[in-house]
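Have a look at the structure below before the remarks.
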Amino acid sequence: MNIDTLDMEDRGTELLALARLVAFALESAKSLDAEVVEFCLDKALRAVLDQIDEPSRMMLTTSDITLMNRSALC
């Protein structure tokens, strides 16, 4: 495995972690009925998910998909 491949795997892992964080924050904003925050976090989550490459998407867990589905993204 070369350095470029390793960097891409790290990038995908980091983006997945960021997507989980934003999805959790989005759920919190919804429960607090913070509409503006919810709107911004929804846009942020969509942007992060757009940056995740296909091989990294294979690392999504069932919990990830469930959380992101509750966030009205899929």
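Convention: chains lettered A, B, ... in structure tokens order; per-chain residue numbering from 1; ligands numbered from 1 as shown.
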Checklist entry - Excluding same-chain residues fewer than 4 positions from range 34-48 of chain A, what lies within 8 Å of it counting only C-alpha atoms, as a PyMOL selection string? => result chain A and resi 15+18-19+22-23+25-26+29-30+52+71+73
Item to check | Computed interatomic separation between CA of Thr61 in chain A and CA of Glu14 in chain A (Å) | outcome: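 Separation between CA of Thr61 in chain A and CA of Glu14 in chain A: 14.6 Å.
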Checklist entry - Using only C-alpha atoms, which of the listed residues (A:Leu60, A:Thr66, A:Gly12, A:Asp53) sits closest to Phe24 in chain A? => result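 Of A:Leu60, A:Thr66, A:Gly12, A:Asp53, the one nearest Phe24 in chain A is A:Thr66, counting only C-alpha atoms.
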Checklist entry - In Å to one decimal, how far is CA of Ser56 in chain A from CA of Leu16 in chain A? => result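 Between CA of Leu16 in chain A and CA of Ser56 in chain A the gap works out to 7.7 Å.
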Item to check | Pairwise distance for CA of Asp7 in chain A and CA of Thr62 in chain A, rounded to one decimal in Å | outcome: 24.9 Å
